[in-house]
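S.K.: First, the structure itself, so that you have it in front of you.
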Amino acid sequence: MNDQGGLFDILSLPERMVTWVVTAARGEIPFGFLGSVLAVWKILAAFISVISMAIIIASLILTWRHRPQLKIRPSKKELAKDKSLAGEGSKVVRQGIVRPEWDALMKKCAHANEHQVVALILEADNVADEALKRLGIPGEDMGARMKALAGQLDSLDEFWSAHKTRNMIAHTPGFHVTLQDLERVLHQYHKALKELGAL
Amino acid sequence: MLSRFPELFARYIDAVGVVFGVWWLWAPFLLWKAAKISWLTYIREYYKNNLKWTMLELIVPRDLEMGPRAMELFLTNVHALRNAPGSWKEKYVDGETTKWYALELASFGGDVHFYLRVPADQRQSIAANFYAQYPAAQLLEVPDYIESQPVSFLDVQRAGKAVSFGTELTLSKDDAIPLRSYEDFVSDKDFENLDPVSAILEVFRGVEAGDTMMFQILMRPADGEWQKEGEKLVQELKKKTISAMNDDGTEGRTVRTPGETGMIEAIEDNIGKPGFEVVIRYVLFETKGQKSVGGAYAQRSVIGALNQYASSLLNAFKHNTKVWTRVNWVYWPHIFPKRRADARKARIWKYYRDRAMPDEGNLGNLIQSSFLNWDFSRKTFILSAEELATIYHPPSIAVLTGPILRRAESKTHGAPAGLPIFSADDEQDILARFQKPKS
């Protein structure tokens, strides 16, 4: 018993129990009534285990045979038969929904001076609203559309900030905007539109 | 330390040896459980493949007055048709599982259709229930539109198309927390009566010519488990509220904000209704090789329209990012983004075609994974009959849709009560009923 080493040293159970358990763990048949019960149980357990493994293997084979064909690239034979399969799978070239409008806006902003800032910010807001409309987001006006985006957009806060700036310009007489404000607002709109996939 | 390595390794092997030595303690139980799961996975697939389905198209009259409430009643009645394996034989030998339904919307370049796919043996009951609620509408038996679509991922390419976008939706909070109900939108006053289904219809109408967008809500009647979870949630929420203490130390009134009270009421309302396990899935096909704007449209518009029923206080829909077809190298596992995106597209189209719903147990998912796309992430969520009716119901007169839907042109009604359709014995007798008695 002592040759088992550290594993059994700490046990302070009666010696007989420990001997019984060690014999069982070694794979031998221990003594006594419990020992015979264990022997019978081992036979039963072996039976159950073998049957279970057979069922597992059979089920796996049967299910594997009917697994779905999810091929994404054609084999050489298929490619030879059908040239239309060439090229990369489901490739679509994403085009920004408001790319032309945004590019036109950027051109104007490149040479902007202080007096044009208000008009440019209003135009940027229009481009953003146009993007929301074309993306099919429902809403009566831009505010409703932006509310519909709640939770969908990481850069929603910046989007709102830019929109609020635009509202302040539109509704507050004498609101002063600088070129720096223009840059900031454009940056915010750009980030949101990029994330929406509109650019 | 390192010099002791062989000795420690030997001890380790000894310990492992002991575990194997007592195999008779753990092996039969573990293996039996695994055997049950594998067998059930196989036999359920067999059962599901042998089910017969009927595809019904829903033709809506132009001036339908019934709103979502009728749909809710219809769904409650459908829930009562739920089947479940009763005996050991039904579960393990037949592989019986609960049958599920598909509520679908398809837009072929802007031409929008409503479809219902039902088990063939329940068709009569379902049609009867539907006509009980919407007598003026029609359910036509039609061939499945999916047969006219390409079958596999490579077939889509052969047909000159591309899968632009596909996704499954999920809820942002617990199942028991409801969406906003249609009750918030309907009103007796004509100009205030809104039907939010109009937004979804507009989204599908806006699909460009040549593109195809297909949307499905798969629903399987659920048992009462989710309601028990909901009750537990309500108990937790009740505990969280602050109770005011009276001066002498006894507990005073509970102080809850109106929002919290509203939430608890909404949840309790919701779990009182029958629930369905739901999978919402949609895909967009575009023409291959052209510049595409549809992907972003599909991604944002549908969920935007459905989230009209959302509120930040209650529940909302969001994309299941483990399943959707937007794959970016920035996110784990960073490799082969295009292949992974294509694998996801292939899988989502296959599941759409099969109207596949995840089963109990995960072994089925293992079979359907490919090397770069392990599929343990699909899951269902529970919507009550009221929530389902809110997001999918025949558009009522409040939706000014014009020519985008194929509408039933004439009003249909049930037959007049006296008509002898069932007991026509003798022609003379029949006519006698409609003649004035001879004076």
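Letters A, B, ... mark the chains of the structure tokens in the order given; residue numbers begin at 1 per chain; ligand numbers begin at 1, in order shown.
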Could you pull out the residues in region 12-155 of chain A that DSSP calls alpha helix (DSSP H) from the backbone, as a PyMOL selection string?
M.R.: chain A and resi 15-26+32-65+76-81+99-110+117-134+142-148
S.K.: Provide as an mmCIF file with C-alpha atoms, in the first residue's frame the residues of chain B at most 7 Å from chain A, counting only C-alpha atoms.
M.R.:
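Result file is part27.cif:
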data_model
loop_
_atom_site.group_PDB
_atom_site.id
_atom_site.type_symbol
_atom_site.label_atom_id
_atom_site.label_comp_id
_atom_site.auth_asym_id
_atom_site.auth_seq_id
_atom_site.Cartn_x
_atom_site.Cartn_y
_atom_site.Cartn_z
ATOM 1 C CA VAL B 18 -6.425 5.933 -11.380
ATOM 2 C CA GLY B 21 -8.925 2.560 -13.258
ATOM 3 C CA VAL B 22 -12.341 3.591 -11.998
ATOM 4 C CA TRP B 24 -16.785 1.831 -14.223
ATOM 5 C CA ALA B 27 -17.784 5.799 -18.357
ATOM 6 C CA PRO B 28 -21.227 4.179 -18.606
ATOM 7 C CA LEU B 31 -21.196 7.500 -22.749
ATOM 8 C CA TRP B 32 -24.895 6.789 -22.343
ATOM 9 C CA ALA B 34 -23.561 11.111 -25.304
ATOM 10 C CA ALA B 35 -25.249 8.207 -27.062
ATOM 11 C CA SER B 38 -26.153 11.634 -30.879
ATOM 12 C CA TRP B 39 -29.084 9.369 -31.539
ATOM 13 C CA TYR B 42 -29.874 11.826 -36.064
ATOM 14 C CA PHE B 153 -23.945 28.955 -52.911
ATOM 15 C CA LEU B 154 -22.221 28.070 -56.180
ATOM 16 C CA GLN B 157 -23.022 32.446 -58.810
ATOM 17 C CA ARG B 158 -24.018 30.354 -61.792
ATOM 18 C CA ALA B 162 -24.479 37.254 -55.488
ATOM 19 C CA VAL B 163 -25.516 37.019 -51.873
ATOM 20 C CA SER B 164 -25.102 40.596 -50.730
ATOM 21 C CA ALA B 199 -42.470 50.838 -42.685
ATOM 22 C CA VAL B 203 -38.431 48.739 -47.026
ATOM 23 C CA LYS B 288 -23.174 39.733 -59.570
ATOM 24 C CA GLY B 289 -20.381 42.013 -60.588
ATOM 25 C CA GLN B 290 -22.267 45.271 -60.431
ATOM 26 C CA LYS B 291 -21.657 48.041 -58.001
ATOM 27 C CA SER B 292 -23.756 47.251 -55.004
ATOM 28 C CA VAL B 293 -25.601 49.527 -52.656
ATOM 29 C CA ALA B 296 -25.938 48.527 -46.382
ATOM 30 C CA TYR B 297 -29.606 48.982 -47.268
ATOM 31 C CA ARG B 300 -29.957 49.010 -41.810
ATOM 32 C CA SER B 301 -33.452 49.239 -43.220
ATOM 33 C CA GLY B 304 -34.682 50.004 -38.490
ATOM 34 C CA ALA B 305 -38.251 49.192 -39.476
ATOM 35 C CA ASN B 307 -37.069 48.594 -34.191
ATOM 36 C CA GLN B 308 -39.975 50.987 -34.373
ATOM 37 C CA ASP B 342 -18.575 33.379 -48.040
ATOM 38 C CA ALA B 343 -18.941 30.443 -45.660
ATOM 39 C CA ALA B 346 -23.475 29.778 -47.895
ATOM 40 C CA ARG B 347 -24.698 28.678 -44.491
ATOM 41 C CA ILE B 367 -22.108 18.593 -38.082
ATOM 42 C CA GLN B 368 -22.892 21.767 -39.956
#
S.K.: Which one is closest to Arg326 (chain B): B:Gly166, B:Glu202, B:Ile348, B:Arg123? Count only C-alpha atoms.
M.R.: B:Gly166
S.K.: DSSP says strand (DSSP E or B) for which residues of region 84-306 of chain B? Put them as a ChimeraX atom specification?
M.R.: /B:101-108,111-119,138-141,161-171,212-221,242-245,251-255,275-287,291-292
S.K.: If we count only C-alpha atoms, what is near region 154-166 of chain A at a cut-off of 7 Å, once residues fewer than 2 positions away on the same chain are taken out, given as a list in words?
M.R.: Ile121, Leu122, Asp125, Gln152, Met168, Ile169, Ala170, Val185, Gln188, Tyr189, Lys191 and Ala192 of chain A
S.K.: Smallest atom-to-atom distance to Trp324 (chain B): which of B:Ile280, B:Ala137, B:Leu58, B:Ile177, using only C-alpha atoms?
M.R.: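 Nearest candidate to Trp324 (chain B) out of B:Ile280, B:Ala137, B:Leu58, B:Ile177: B:Ile280.
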S.K.: Between CA of Thr170 (chain B) and CA of Gly210 (chain B), what is the distance in Å, rounded to a tenth?
M.R.: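 Those two atoms sit 28.8 Å apart.
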S.K.: For Glu141 (chain B), list every protein, DNA or RNA residue within 10 Å, evaluated using only C-alpha atoms, and leave out those in the same chain fewer than 2 positions away; present the list as a list in words.
M.R.: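 Using only C-alpha atoms, the neighbours found are Thr54, Met55, Leu56, Glu57, Leu58, Tyr115, Leu116, Arg117, Arg123, Gln138, Leu139, Pro143 and Asp144 of chain B.
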